[in-house]
>>> print(open('final.pdb').read())   # PDB, C-alpha atoms
ATOM      1  CA  MET A   1       0.000   0.000   0.000
ATOM      2  CA  ILE A   2       1.160   3.514  -0.667
ATOM      3  CA  SER A   3       1.127   5.748   2.409
ATOM      4  CA  TYR A   4       1.212   9.520   2.260
ATOM      5  CA  GLU A   5       2.306   9.787   5.892
ATOM      6  CA  PRO A   6       5.585  11.524   4.922
ATOM      7  CA  LEU A   7       3.607  14.262   3.149
ATOM      8  CA  TRP A   8       2.208  15.630   6.405
ATOM      9  CA  LYS A   9       5.669  15.760   7.981
ATOM     10  CA  THR A  10       7.086  17.473   4.887
ATOM     11  CA  LEU A  11       4.281  20.046   4.872
ATOM     12  CA  LYS A  12       5.025  20.872   8.501
ATOM     13  CA  LYS A  13       8.772  21.045   7.859
ATOM     14  CA  LYS A  14       8.265  23.365   4.865
ATOM     15  CA  LYS A  15       5.654  25.420   6.755
ATOM     16  CA  VAL A  16       2.972  24.862   4.127
ATOM     17  CA  SER A  17      -0.565  24.322   5.401
ATOM     18  CA  GLN A  18      -3.375  22.404   3.764
ATOM     19  CA  TYR A  19      -5.126  25.762   3.463
ATOM     20  CA  ASP A  20      -2.100  27.051   1.484
ATOM     21  CA  LEU A  21      -2.293  24.031  -0.819
ATOM     22  CA  ILE A  22      -5.943  24.759  -1.549
ATOM     23  CA  LYS A  23      -5.918  28.557  -1.788
ATOM     24  CA  LYS A  24      -2.415  29.377  -3.029
ATOM     25  CA  TYR A  25      -1.573  26.296  -5.104
ATOM     26  CA  HIS A  26      -5.107  25.258  -6.177
ATOM     27  CA  VAL A  27      -4.906  21.678  -4.928
ATOM     28  CA  SER A  28      -8.471  20.427  -4.609
ATOM     29  CA  ALA A  29      -9.956  19.511  -1.246
ATOM     30  CA  GLY A  30     -10.857  16.161  -2.817
ATOM     31  CA  GLN A  31      -7.201  15.450  -3.586
ATOM     32  CA  LEU A  32      -6.239  16.263  -0.001
ATOM     33  CA  SER A  33      -8.993  13.979   1.255
ATOM     34  CA  ARG A  34      -7.661  11.121  -0.901
ATOM     35  CA  LEU A  35      -4.145  11.773   0.388
ATOM     36  CA  ARG A  36      -5.355  11.770   4.014
ATOM     37  CA  ASN A  37      -7.058   8.421   3.392
ATOM     38  CA  ASN A  38      -4.092   6.918   1.509
ATOM     39  CA  SER A  39      -6.354   6.516  -1.529
ATOM     40  CA  ASN A  40      -5.311   6.646  -5.165
ATOM     41  CA  VAL A  41      -3.983   9.915  -6.546
ATOM     42  CA  SER A  42      -2.498  10.622  -9.950
ATOM     43  CA  THR A  43       1.174  10.963 -10.731
ATOM     44  CA  HIS A  44       0.294  14.498 -11.836
ATOM     45  CA  THR A  45      -0.751  15.281  -8.247
ATOM     46  CA  LEU A  46       2.421  13.751  -6.833
ATOM     47  CA  ASN A  47       4.535  15.705  -9.303
ATOM     48  CA  MET A  48       2.708  18.918  -8.429
ATOM     49  CA  LEU A  49       3.305  18.360  -4.698
ATOM     50  CA  CYS A  50       7.009  17.703  -5.305
ATOM     51  CA  GLU A  51       7.245  20.968  -7.230
ATOM     52  CA  ILE A  52       5.313  22.957  -4.614
ATOM     53  CA  LEU A  53       7.365  21.561  -1.735
ATOM     54  CA  ASN A  54      10.648  21.359  -3.652
ATOM     55  CA  CYS A  55      11.158  17.804  -2.471
ATOM     56  CA  LYS A  56      11.555  14.212  -3.659
ATOM     57  CA  LEU A  57       8.790  11.658  -4.043
ATOM     58  CA  ASN A  58       9.925   9.764  -0.938
ATOM     59  CA  ASP A  59       9.290  12.958   1.054
ATOM     60  CA  ILE A  60       5.620  12.573   0.112
ATOM     61  CA  ALA A  61       4.887   8.861  -0.224
ATOM     62  CA  ILE A  62       6.242   5.520   0.934
ATOM     63  CA  TYR A  63       5.391   1.902   0.235
ATOM     64  CA  LYS A  64       4.170  -0.199   3.138
ATOM     65  CA  LYS A  65       3.511  -3.903   2.732
ATOM     66  CA  ASP A  66      -0.148  -4.769   3.317
ATOM     67  CA  THR A  67      -0.801  -7.000   6.288
ATOM     68  CA  ASP A  68      -3.637  -9.520   5.930
TER      69      ASP A  68
END
>>> encode(input="final.pdb", output="structure tokens")
Amino acid sequence: MISYEPLWKTLKKKKVSQYDLIKKYHVSAGQLSRLRNNSNVSTHTLNMLCEILNCKLNDIAIYKKDTD
């Protein structure tokens, strides 16, 4: 499973709020909801977040093995 747990730490580190993402960078609230729920998001969204935060993909997402 892909986890976006690192994204929230990176946002805090870079001092960018979710409000900033929505109002300043035009990230949709729906995209943020999917990220919060570790749901599917497009590579376009991941690329956009990397550009906004000036970071690498592993600063936003990590792979965690599913446990059954």
>>> resolve_selection(input="final.pdb", expression="the PyMOL selection byres ((chain A and resi 65) around 12)", output="list in words")
Met1, Ile2, Ser3, Ile62, Tyr63, Lys64, Asp66, Thr67 and Asp68 of chain A
>>> write_last_selection(input="final.pdb", atoms="C-alpha atoms", output="PDB file, in the frame of the given file")
ATOM      1  CA  MET A   1       0.000   0.000   0.000  1.00  0.00           C
ATOM      2  CA  ILE A   2       1.160   3.514  -0.667  1.00  0.00           C
ATOM      3  CA  SER A   3       1.127   5.748   2.409  1.00  0.00           C
ATOM      4  CA  ILE A  62       6.242   5.520   0.934  1.00  0.00           C
ATOM      5  CA  TYR A  63       5.391   1.902   0.235  1.00  0.00           C
ATOM      6  CA  LYS A  64       4.170  -0.199   3.138  1.00  0.00           C
ATOM      7  CA  ASP A  66      -0.148  -4.769   3.317  1.00  0.00           C
ATOM      8  CA  THR A  67      -0.801  -7.000   6.288  1.00  0.00           C
ATOM      9  CA  ASP A  68      -3.637  -9.520   5.930  1.00  0.00           C
TER      10      ASP A  68
END
>>> closest_residue(input="final.pdb", among="A:Asn40, A:Gly30, A:Asp20, A:Asn47", to="A:Tyr4", atoms="all atoms listed in the file")
A:Asn40
>>> atom_distance(input="final.pdb", atom1="atom CA of A:Tyr19", atom2="atom CA of A:Lys56")
21.5 Å
>>> closest_residue(input="final.pdb", among="A:Asn54, A:Met48, A:Gln18, A:Lys12", to="A:Ser33", atoms="all atoms listed in the file")
A:Gln18
>>> atom_distance(input="final.pdb", atom1="atom CA of A:Trp8", atom2="atom CA of A:His44")
18.4 Å
>>> atom_distance(input="final.pdb", atom1="atom CA of A:Ser28", atom2="atom CA of A:Lys13")
21.3 Å
>>> resolve_selection(input="final.pdb", expression="the PyMOL selection byres ((chain A and resi 25) around 12)", output="list in words")
Val16, Ser17, Gln18, Tyr19, Asp20, Leu21, Ile22, Lys23, Lys24, His26, Val27, Ser28, Ala29, Thr45, Met48, Leu49, Glu51, Ile52 and Leu53 of chain A
>>> axis_aligned_box(input="final.pdb", around="stretch 37-45 of chain A", padding_each_side="3 Å", output="AutoDock Vina command-line options")
--center_x -2.9 --center_y 10.9 --center_z -4.2 --size_x 14.2 --size_y 14.8 --size_z 21.2
>>> build_atoms(input="final.pdb", residues="stretch 16-27 of chain A", atoms="all heavy atoms", output="mmCIF file, in the frame of the given file")
data_model
loop_
_atom_site.group_PDB
_atom_site.id
_atom_site.type_symbol
_atom_site.label_atom_id
_atom_site.label_comp_id
_atom_site.auth_asym_id
_atom_site.auth_seq_id
_atom_site.Cartn_x
_atom_site.Cartn_y
_atom_site.Cartn_z
ATOM 1 N N VAL A 16 4.047 24.712 5.101
ATOM 2 C CA VAL A 16 2.972 24.862 4.127
ATOM 3 C C VAL A 16 1.743 24.170 4.717
ATOM 4 O O VAL A 16 1.803 22.993 5.086
ATOM 5 C CB VAL A 16 3.341 24.215 2.766
ATOM 6 C CG1 VAL A 16 2.177 24.288 1.797
ATOM 7 C CG2 VAL A 16 4.580 24.874 2.181
ATOM 8 N N SER A 17 0.655 24.881 4.833
ATOM 9 C CA SER A 17 -0.565 24.322 5.401
ATOM 10 C C SER A 17 -1.444 23.723 4.302
ATOM 11 O O SER A 17 -1.260 24.008 3.116
ATOM 12 C CB SER A 17 -1.348 25.395 6.150
ATOM 13 O OG SER A 17 -1.880 26.338 5.238
ATOM 14 N N GLN A 18 -2.409 22.934 4.722
ATOM 15 C CA GLN A 18 -3.375 22.404 3.764
ATOM 16 C C GLN A 18 -4.174 23.560 3.164
ATOM 17 O O GLN A 18 -4.528 23.518 1.992
ATOM 18 C CB GLN A 18 -4.296 21.403 4.450
ATOM 19 C CG GLN A 18 -3.561 20.124 4.844
ATOM 20 C CD GLN A 18 -4.475 19.103 5.480
ATOM 21 O OE1 GLN A 18 -5.556 18.826 4.963
ATOM 22 N NE2 GLN A 18 -4.040 18.537 6.592
ATOM 23 N N TYR A 19 -4.435 24.566 3.958
ATOM 24 C CA TYR A 19 -5.126 25.762 3.463
ATOM 25 C C TYR A 19 -4.312 26.405 2.337
ATOM 26 O O TYR A 19 -4.869 26.795 1.311
ATOM 27 C CB TYR A 19 -5.350 26.745 4.606
ATOM 28 C CG TYR A 19 -6.086 27.995 4.199
ATOM 29 C CD1 TYR A 19 -7.472 28.011 4.119
ATOM 30 C CD2 TYR A 19 -5.391 29.159 3.876
ATOM 31 C CE1 TYR A 19 -8.157 29.152 3.737
ATOM 32 C CE2 TYR A 19 -6.063 30.308 3.488
ATOM 33 C CZ TYR A 19 -7.445 30.298 3.422
ATOM 34 O OH TYR A 19 -8.117 31.435 3.032
ATOM 35 N N ASP A 20 -2.978 26.508 2.532
ATOM 36 C CA ASP A 20 -2.100 27.051 1.484
ATOM 37 C C ASP A 20 -2.205 26.224 0.204
ATOM 38 O O ASP A 20 -2.247 26.771 -0.895
ATOM 39 C CB ASP A 20 -0.637 27.064 1.931
ATOM 40 C CG ASP A 20 -0.344 28.064 3.024
ATOM 41 O OD1 ASP A 20 -1.094 29.061 3.148
ATOM 42 O OD2 ASP A 20 0.639 27.839 3.765
ATOM 43 N N LEU A 21 -2.212 24.900 0.353
ATOM 44 C CA LEU A 21 -2.293 24.031 -0.819
ATOM 45 C C LEU A 21 -3.569 24.312 -1.610
ATOM 46 O O LEU A 21 -3.549 24.356 -2.835
ATOM 47 C CB LEU A 21 -2.238 22.557 -0.411
ATOM 48 C CG LEU A 21 -0.902 22.034 0.087
ATOM 49 C CD1 LEU A 21 -1.028 20.587 0.528
ATOM 50 C CD2 LEU A 21 0.182 22.174 -0.970
ATOM 51 N N ILE A 22 -4.662 24.519 -0.886
ATOM 52 C CA ILE A 22 -5.943 24.759 -1.549
ATOM 53 C C ILE A 22 -6.007 26.163 -2.148
ATOM 54 O O ILE A 22 -6.320 26.330 -3.326
ATOM 55 C CB ILE A 22 -7.111 24.543 -0.559
ATOM 56 C CG1 ILE A 22 -7.201 23.064 -0.174
ATOM 57 C CG2 ILE A 22 -8.435 25.020 -1.165
ATOM 58 C CD1 ILE A 22 -8.129 22.769 0.990
ATOM 59 N N LYS A 23 -5.713 27.174 -1.348
ATOM 60 C CA LYS A 23 -5.918 28.557 -1.788
ATOM 61 C C LYS A 23 -4.790 29.099 -2.671
ATOM 62 O O LYS A 23 -5.041 29.753 -3.665
ATOM 63 C CB LYS A 23 -6.084 29.480 -0.566
ATOM 64 C CG LYS A 23 -7.336 29.209 0.218
ATOM 65 C CD LYS A 23 -8.569 29.459 -0.630
ATOM 66 C CE LYS A 23 -9.831 29.186 0.155
ATOM 67 N NZ LYS A 23 -11.032 29.378 -0.628
ATOM 68 N N LYS A 24 -3.554 28.817 -2.300
ATOM 69 C CA LYS A 24 -2.415 29.377 -3.029
ATOM 70 C C LYS A 24 -2.003 28.525 -4.231
ATOM 71 O O LYS A 24 -1.632 29.047 -5.281
ATOM 72 C CB LYS A 24 -1.236 29.544 -2.074
ATOM 73 C CG LYS A 24 -0.032 30.242 -2.652
ATOM 74 C CD LYS A 24 1.030 30.454 -1.584
ATOM 75 C CE LYS A 24 2.261 31.134 -2.153
ATOM 76 N NZ LYS A 24 3.313 31.299 -1.144
ATOM 77 N N TYR A 25 -2.080 27.192 -4.066
ATOM 78 C CA TYR A 25 -1.573 26.296 -5.104
ATOM 79 C C TYR A 25 -2.684 25.555 -5.855
ATOM 80 O O TYR A 25 -2.417 24.742 -6.731
ATOM 81 C CB TYR A 25 -0.584 25.293 -4.505
ATOM 82 C CG TYR A 25 0.616 25.964 -3.888
ATOM 83 C CD1 TYR A 25 0.743 26.072 -2.506
ATOM 84 C CD2 TYR A 25 1.607 26.519 -4.679
ATOM 85 C CE1 TYR A 25 1.840 26.699 -1.931
ATOM 86 C CE2 TYR A 25 2.715 27.149 -4.121
ATOM 87 C CZ TYR A 25 2.817 27.234 -2.747
ATOM 88 O OH TYR A 25 3.911 27.860 -2.180
ATOM 89 N N HIS A 26 -3.930 25.799 -5.485
ATOM 90 C CA HIS A 26 -5.107 25.258 -6.177
ATOM 91 C C HIS A 26 -5.169 23.734 -6.191
ATOM 92 O O HIS A 26 -5.615 23.133 -7.172
ATOM 93 C CB HIS A 26 -5.201 25.818 -7.598
ATOM 94 C CG HIS A 26 -5.096 27.307 -7.629
ATOM 95 N ND1 HIS A 26 -6.090 28.130 -7.147
ATOM 96 C CD2 HIS A 26 -4.099 28.136 -8.034
ATOM 97 C CE1 HIS A 26 -5.717 29.389 -7.269
ATOM 98 N NE2 HIS A 26 -4.504 29.430 -7.805
ATOM 99 N N VAL A 27 -4.722 23.120 -5.110
ATOM 100 C CA VAL A 27 -4.906 21.678 -4.928
ATOM 101 C C VAL A 27 -6.336 21.501 -4.426
ATOM 102 O O VAL A 27 -6.774 22.221 -3.524
ATOM 103 C CB VAL A 27 -3.895 21.113 -3.908
ATOM 104 C CG1 VAL A 27 -4.158 19.650 -3.637
ATOM 105 C CG2 VAL A 27 -2.457 21.325 -4.399
#
